[in-house]
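Visitor: To be precise about what I am sending: the file is called work_35.txt and holds compact mmCIF, C-alpha atoms.
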# COMPACT_ATOMS: atom_id res chain seq x y z
CA MET T 258 13.38 43.74 27.45
CA LYS T 259 16.63 45.43 28.50
CA ASN T 260 16.69 47.38 31.76
CA SER T 261 18.09 50.47 30.04
CA ILE T 262 15.04 50.62 27.78
CA LEU T 263 12.63 50.34 30.69
CA LYS T 264 14.52 53.05 32.59
CA ASN T 265 14.51 55.51 29.69
CA ARG T 266 11.99 58.24 30.53
CA ILE T 267 10.46 58.54 27.06
CA THR T 268 10.29 54.79 26.44
CA ALA T 269 8.85 54.15 29.91
CA SER T 270 6.18 56.80 29.31
CA LEU T 271 5.19 55.30 25.96
CA LEU T 272 5.03 51.79 27.43
CA ALA T 273 2.95 53.04 30.36
CA MET T 274 0.53 54.65 27.89
CA ILE T 275 0.29 51.36 25.99
CA CYS T 276 -0.67 49.66 29.27
CA THR T 277 -3.40 52.21 29.96
CA LEU T 278 -4.66 51.94 26.38
CA LEU T 279 -4.91 48.15 26.77
CA TRP T 280 -6.75 48.55 30.07
CA GLY T 281 -8.99 51.13 28.41
CA THR T 282 -10.15 48.48 25.93
CA ALA T 283 -11.47 46.49 28.88
CA PHE T 284 -14.31 49.00 29.45
CA PRO T 285 -16.20 48.34 26.20
CA PHE T 286 -15.13 44.70 25.87
CA ILE T 287 -16.45 43.81 29.34
CA LYS T 288 -19.82 45.28 28.30
CA LEU T 289 -19.69 43.33 25.05
CA GLY T 290 -18.78 40.18 26.97
CA TYR T 291 -21.73 40.60 29.32
CA ALA T 292 -24.04 40.98 26.35
CA GLU T 293 -22.64 37.93 24.52
CA LEU T 294 -22.81 35.73 27.64
CA SER T 295 -26.20 37.10 28.77
CA ILE T 296 -24.88 38.29 32.14
CA ASP T 297 -27.54 40.42 33.86
CA SER T 298 -26.51 43.68 35.50
CA GLY T 299 -27.45 42.34 38.95
CA ASP T 300 -25.78 38.92 38.60
CA THR T 301 -22.72 39.57 40.77
CA GLY T 302 -21.77 35.88 40.89
CA ALA T 303 -21.56 35.60 37.10
CA LYS T 304 -19.59 38.86 36.90
CA LEU T 305 -17.04 37.65 39.47
CA LEU T 306 -16.77 34.30 37.69
CA PHE T 307 -16.23 36.14 34.39
CA ALA T 308 -13.48 38.22 36.02
CA GLY T 309 -11.96 35.16 37.67
CA LEU T 310 -11.76 33.24 34.41
CA ARG T 311 -10.25 36.30 32.74
CA PHE T 312 -7.44 36.67 35.28
CA SER T 313 -6.82 32.94 35.68
CA LEU T 314 -6.44 32.61 31.92
CA ALA T 315 -4.21 35.70 31.90
CA GLY T 316 -1.98 34.13 34.55
CA LEU T 317 -1.69 30.93 32.54
CA MET T 318 -0.78 32.95 29.43
CA VAL T 319 1.99 34.78 31.28
CA LEU T 320 3.41 31.64 32.89
CA LEU T 321 3.33 29.76 29.57
CA PHE T 322 5.14 32.65 27.88
CA ASP T 323 7.76 32.64 30.65
CA CYS T 324 8.31 28.89 30.29
CA VAL T 325 8.72 29.20 26.50
CA LYS T 326 11.08 32.15 26.92
CA GLU T 327 13.23 30.35 29.48
CA ARG T 328 12.84 26.98 27.69
CA ARG T 329 11.98 25.23 30.94
CA ILE T 330 9.22 25.04 33.56
CA ILE T 331 9.74 27.80 36.10
CA PRO T 332 8.96 26.54 39.62
CA ILE T 333 7.46 28.82 42.30
CA LYS T 334 10.05 29.06 45.07
CA LYS T 335 9.24 29.29 48.78
CA TYR T 336 10.40 32.89 49.04
CA ASP T 337 7.96 33.81 46.25
CA ALA T 338 4.92 32.59 48.19
CA VAL T 339 4.30 35.76 50.21
CA PRO T 340 4.62 38.13 47.20
CA VAL T 341 2.36 35.95 45.04
CA ILE T 342 -0.31 35.54 47.72
CA SER T 343 -0.16 39.21 48.77
CA LEU T 344 -0.36 40.61 45.23
CA GLY T 345 -2.91 38.05 44.09
CA PHE T 346 -5.16 38.85 47.03
CA VAL T 347 -4.80 42.66 47.02
CA LEU T 348 -4.18 43.60 43.39
CA THR T 349 -6.40 41.04 41.66
CA PHE T 350 -8.92 39.48 44.06
CA ALA T 351 -9.79 42.32 46.47
CA GLN T 352 -9.54 45.13 43.91
CA TYR T 353 -11.88 43.48 41.42
CA LEU T 354 -14.19 42.01 44.07
CA PHE T 355 -14.87 45.52 45.39
CA THR T 356 -15.12 46.89 41.83
CA TYR T 357 -17.59 44.34 40.47
CA ILE T 358 -19.85 44.55 43.52
CA GLY T 359 -19.57 48.31 43.99
CA ILE T 360 -20.25 49.22 40.37
CA GLY T 361 -23.76 47.83 40.73
CA PHE T 362 -24.57 50.43 43.40
CA THR T 363 -23.10 53.59 41.90
CA SER T 364 -22.77 55.36 38.55
CA GLY T 365 -20.13 54.88 35.89
CA THR T 366 -19.21 58.54 36.35
CA ASN T 367 -18.52 58.13 40.06
CA THR T 368 -16.59 54.92 39.36
CA SER T 369 -14.27 56.69 36.91
CA ILE T 370 -13.65 59.60 39.28
CA ILE T 371 -13.02 57.50 42.38
CA THR T 372 -10.83 55.04 40.47
CA ALA T 373 -8.65 57.93 39.32
CA CYS T 374 -7.80 58.54 42.99
CA ALA T 375 -5.45 55.52 42.84
CA SER T 376 -2.79 57.71 41.24
CA PHE T 377 -3.14 60.27 44.04
CA LEU T 378 -2.92 57.60 46.74
CA THR T 379 0.19 56.06 45.20
CA VAL T 380 1.95 59.41 44.93
CA LEU T 381 1.02 60.29 48.54
CA PHE T 382 2.00 57.02 50.19
CA VAL T 383 4.91 55.70 48.11
CA PRO T 384 7.45 58.01 49.87
CA ILE T 385 6.74 56.13 53.12
CA PHE T 386 8.12 52.95 51.58
CA PHE T 387 10.65 54.28 49.05
CA ARG T 388 12.81 57.18 50.20
CA ASP T 389 14.11 57.85 46.67
CA ASP T 390 10.56 58.53 45.44
CA LYS T 391 9.84 61.71 47.38
CA LEU T 392 6.64 63.72 47.48
CA THR T 393 7.06 67.15 45.84
CA ALA T 394 4.80 70.14 45.25
CA GLN T 395 5.18 69.61 41.50
CA LYS T 396 3.89 66.04 41.80
CA LEU T 397 0.89 67.17 43.81
CA ILE T 398 0.08 69.91 41.32
CA GLY T 399 0.44 67.45 38.43
CA CYS T 400 -1.90 64.95 40.10
CA ALA T 401 -4.41 67.71 40.86
CA ILE T 402 -4.44 68.89 37.24
CA GLY T 403 -4.77 65.31 35.98
CA PHE T 404 -7.57 64.56 38.41
CA GLY T 405 -9.23 67.77 37.26
CA GLY T 406 -9.20 66.31 33.77
CA VAL T 407 -11.10 63.25 35.00
CA LEU T 408 -13.65 65.53 36.71
CA VAL T 409 -14.13 67.53 33.50
CA MET T 410 -14.74 64.36 31.48
CA ASN T 411 -17.26 63.04 34.01
CA GLN T 412 -18.81 66.45 34.78
CA GLY T 413 -18.01 66.23 38.46
CA GLY T 414 -20.05 63.18 39.37
CA GLY T 415 -22.16 63.33 42.51
CA VAL T 416 -22.34 61.36 45.74
CA SER T 417 -25.77 60.67 47.27
CA ALA T 418 -27.22 58.40 49.94
CA GLU T 419 -28.21 56.03 47.14
CA THR T 420 -24.72 55.77 45.63
CA LEU T 421 -22.70 55.98 48.87
CA PRO T 422 -22.39 52.18 49.49
CA GLY T 423 -21.16 51.65 45.94
CA ASP T 424 -18.85 54.66 46.13
CA LEU T 425 -17.25 53.29 49.31
CA LEU T 426 -16.69 49.90 47.69
CA ILE T 427 -15.13 51.54 44.62
CA PHE T 428 -12.90 53.58 46.92
CA ALA T 429 -11.85 50.36 48.67
CA SER T 430 -10.98 49.00 45.23
CA THR T 431 -8.93 52.13 44.57
CA VAL T 432 -7.02 51.69 47.83
CA CYS T 433 -6.25 48.11 46.78
CA ALA T 434 -4.99 49.34 43.40
CA ALA T 435 -2.66 51.88 45.04
CA ALA T 436 -1.46 49.33 47.58
CA GLY T 437 -0.89 46.88 44.74
CA ASN T 438 1.35 49.38 42.95
CA ILE T 439 3.46 49.81 46.09
CA LEU T 440 3.59 46.07 46.80
CA SER T 441 4.54 45.34 43.18
CA LYS T 442 7.38 47.85 43.40
CA LYS T 443 8.60 46.23 46.62
CA PHE T 444 8.23 42.56 45.71
CA VAL T 445 9.51 42.70 42.13
CA GLN T 446 13.02 43.71 43.23
CA GLY T 447 15.25 40.69 42.63
CA ARG T 448 12.44 38.78 40.93
CA SER T 449 11.18 38.28 37.39
CA PRO T 450 8.27 40.68 36.69
CA VAL T 451 6.80 38.16 34.24
CA ALA T 452 6.84 35.18 36.60
CA LEU T 453 5.52 37.24 39.53
CA THR T 454 2.71 38.69 37.42
CA GLY T 455 1.65 35.31 36.06
CA ALA T 456 1.54 33.64 39.46
CA GLN T 457 -0.37 36.45 41.19
CA LEU T 458 -2.92 36.70 38.36
CA LEU T 459 -3.53 32.94 38.50
CA PHE T 460 -3.92 32.96 42.30
CA GLY T 461 -6.16 36.05 42.37
CA GLY T 462 -8.21 34.75 39.45
CA ALA T 463 -8.79 31.44 41.24
CA LEU T 464 -10.08 33.33 44.30
CA LEU T 465 -12.46 35.35 42.12
CA CYS T 466 -13.74 32.16 40.44
CA THR T 467 -14.37 30.66 43.86
CA ALA T 468 -16.25 33.78 45.00
CA GLY T 469 -18.30 33.84 41.79
CA ILE T 470 -19.31 30.19 42.04
CA THR T 471 -20.13 30.60 45.74
CA LEU T 472 -22.50 33.44 44.83
CA GLY T 473 -24.21 31.23 42.27
CA GLY T 474 -22.45 32.50 39.15
CA ARG T 475 -22.74 30.40 35.99
CA LEU T 476 -21.43 31.04 32.46
CA ASP T 477 -22.17 29.37 29.13
CA LEU T 478 -18.85 29.53 27.29
CA SER T 479 -20.20 27.68 24.25
CA ASN T 480 -20.91 31.14 22.83
CA THR T 481 -17.97 31.74 20.47
CA GLY T 482 -18.21 35.52 20.63
CA GLY T 483 -18.21 35.55 24.41
CA ALA T 484 -15.28 33.11 24.58
CA LEU T 485 -13.21 35.23 22.16
CA ILE T 486 -13.91 38.38 24.17
CA LEU T 487 -12.82 36.56 27.34
CA ILE T 488 -9.57 35.52 25.63
CA TRP T 489 -8.92 39.11 24.50
CA LEU T 490 -9.52 40.46 28.01
CA ALA T 491 -7.16 37.81 29.39
CA PHE T 492 -4.50 38.90 26.89
CA VAL T 493 -5.01 42.53 27.92
CA SER T 494 -4.44 41.64 31.58
CA ALA T 495 -1.49 39.35 30.82
CA SER T 496 0.40 41.86 28.67
CA ALA T 497 -0.49 45.07 30.53
CA PHE T 498 0.14 43.74 34.04
CA SER T 499 3.46 42.15 33.03
CA LEU T 500 4.69 45.33 31.38
CA TRP T 501 3.38 47.53 34.20
CA THR T 502 5.14 45.44 36.86
CA ALA T 503 8.40 45.65 34.89
CA LEU T 504 8.04 49.44 34.64
CA LEU T 505 7.47 49.68 38.40
CA LYS T 506 10.62 47.67 38.98
CA TYR T 507 12.88 50.13 37.18
CA ASN T 508 11.10 53.48 37.68
CA PRO T 509 9.68 55.54 40.58
CA ALA T 510 6.19 54.22 41.33
CA SER T 511 4.69 57.73 41.44
CA LYS T 512 5.84 58.50 37.89
CA ILE T 513 4.36 55.30 36.47
CA SER T 514 1.13 55.09 38.47
CA VAL T 515 0.03 58.59 37.40
CA PHE T 516 -0.52 57.23 33.87
CA ASN T 517 -3.55 55.38 35.27
CA LEU T 518 -5.40 58.67 34.82
CA PHE T 519 -5.50 57.89 31.10
CA VAL T 520 -7.48 54.65 31.60
CA PRO T 521 -10.98 56.22 31.91
CA VAL T 522 -10.26 58.55 28.98
CA PHE T 523 -9.18 55.71 26.71
CA GLY T 524 -12.14 53.67 27.97
CA THR T 525 -14.53 56.49 27.08
CA LEU T 526 -13.05 57.03 23.61
CA LEU T 527 -13.01 53.31 22.82
CA SER T 528 -16.59 52.94 24.07
CA GLY T 529 -17.52 55.61 21.55
CA ILE T 530 -15.81 53.69 18.75
CA LEU T 531 -16.93 50.16 19.67
CA LEU T 532 -20.29 50.76 21.37
CA GLY T 533 -21.45 53.92 19.62
CA GLU T 534 -21.62 55.87 22.87
CA ASP T 535 -21.53 59.67 22.79
CA SER T 536 -17.85 59.98 23.73
CA PHE T 537 -16.36 62.44 21.23
CA LYS T 538 -17.26 65.62 23.06
CA PRO T 539 -15.16 68.72 23.83
CA ALA T 540 -15.02 67.70 27.50
CA THR T 541 -13.30 64.43 26.58
CA PHE T 542 -10.50 66.18 24.70
CA ILE T 543 -10.12 68.89 27.37
CA SER T 544 -9.82 66.06 29.87
CA LEU T 545 -7.17 64.37 27.74
CA GLY T 546 -5.14 67.59 27.60
CA LEU T 547 -5.35 68.22 31.37
CA ILE T 548 -4.33 64.66 32.17
CA ALA T 549 -1.38 64.90 29.77
CA ILE T 550 -0.23 68.14 31.44
CA GLY T 551 -0.54 66.55 34.88
CA ILE T 552 1.48 63.50 33.86
CA ILE T 553 4.20 65.66 32.33
CA LEU T 554 4.50 67.68 35.54
CA VAL T 555 4.79 64.54 37.68
CA ASN T 556 7.39 62.98 35.38
CA LEU T 557 9.49 66.15 35.15
CA SER T 558 9.81 66.30 38.92
CA LYS T 559 13.42 65.53 39.82
CA VAL T 560 13.74 66.52 43.47
CA GLY T 561 15.28 63.74 45.56
CA GLU T 562 14.68 61.01 43.01
CA LYS T 563 16.64 58.46 41.10
CA ASN T 564 15.68 55.34 39.23
CA ASP T 565 16.42 52.01 40.87
Kindly present the structure from the file in structure tokens form.
Guide:
Amino acid sequence: MKNSILKNRITASLLAMICTLLWGTAFPFIKLGYAELSIDSGDTGAKLLFAGLRFSLAGLMVLLFDCVKERRIIPIKKYDAVPVISLGFVLTFAQYLFTYIGIGFTSGTNTSIITACASFLTVLFVPIFFRDDKLTAQKLIGCAIGFGGVLVMNQGGGVSAETLPGDLLIFASTVCAAAGNILSKKFVQGRSPVALTGAQLLFGGALLCTAGITLGGRLDLSNTGGALILIWLAFVSASAFSLWTALLKYNPASKISVFNLFVPVFGTLLSGILLGEDSFKPATFISLGLIAIGIILVNLSKVGEKND
């Protein structure tokens, strides 16, 4: 994909929305996968193994695509080791380890709300690492409006002594997601987004598989439905992460990461379509409108910025 296309504001926005739509499909398909593979809600080991297989397979898909595209096997060079290990550990392993454990101790509502904080954290901290991506009042207002949309959709959530351990783990996952956005922006400069994505997904997925097996996780992949769902989820990760990393390479991280606010909305709408959940409510569409307004405000901010 040509750099000029990725740098174009409208095209970049559409591609970022496609990424969030793909990630939104993960919400209902993970539930369907658990049902097909008979994974109990409390079986953390099986959940981590499921996630590990998903990301390992995604990494293999990306690397195979890169080899076919380049018509040769692409070796991992020594100077790529630190980026691959760092991103694989933070963005894939740690983020999803905290998510899959934490979600068992808190509500789906709290998870959606806390996860949406990743966009805020990226916008707040990215100026420390990238001077061209400055923090502005308009960005803060846009993030606040978008986050308000997430609160409307989830009716505010609610932290209690019972949910606090899970909430803290989900917040740790959110910090990893924000840190992963910043690290991706830093490491992808001068590197292929596709190759970097494939290698980090494979490494992080292998760590998750190891953690899942260590915790006693087992999966019966002879179930065709479960295997197909796993392949779809791997494709979602392979395509969305590759495209997202490329967008971060050529655009300010704050303007791309804010699109993550759409993920819980798309997840809710798709859960309504695929799982029959009560998702098509006025609050959902109000949320969608507020998030859209917030994203527009962040992306129209021009003070002190330029694309790389």
Visitor: Restricting the calculation to all atoms listed in the file: of T:Asn438, T:Thr379, T:Ser558, T:Thr525, which residue gets closest to Phe542 in chain T?
Guide: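 Of the candidates, the smallest distance to Phe542 in chain T is held by T:Thr525.
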Visitor: Closest to Phe460 in chain T among T:Thr393, T:Gln352, T:Ser343, T:Ser544, using all atoms listed in the file?
Guide: T:Ser343
Visitor: Just how far from CA of Phe387 in chain T is CA of Ala315 in chain T, in Å to one decimal?
Guide: 29.3 Å
Visitor: Pick out the closest residue to Asp424 in chain T from this set: T:Gly359, T:Gly437, T:Gly455, T:Gly462. Count all atoms listed in the file.
Guide: T:Gly359
Visitor: Interatomic distance between CA of Leu321 in chain T and CA of Phe516 in chain T?
Guide: 28.1 Å
Visitor: Using only C-alpha atoms for the distances, tell me which of T:Gly316, T:Pro509, T:Pro539, T:Gly406 is nearest to Val341 in chain T.
Guide: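 Closest candidate: T:Gly316.
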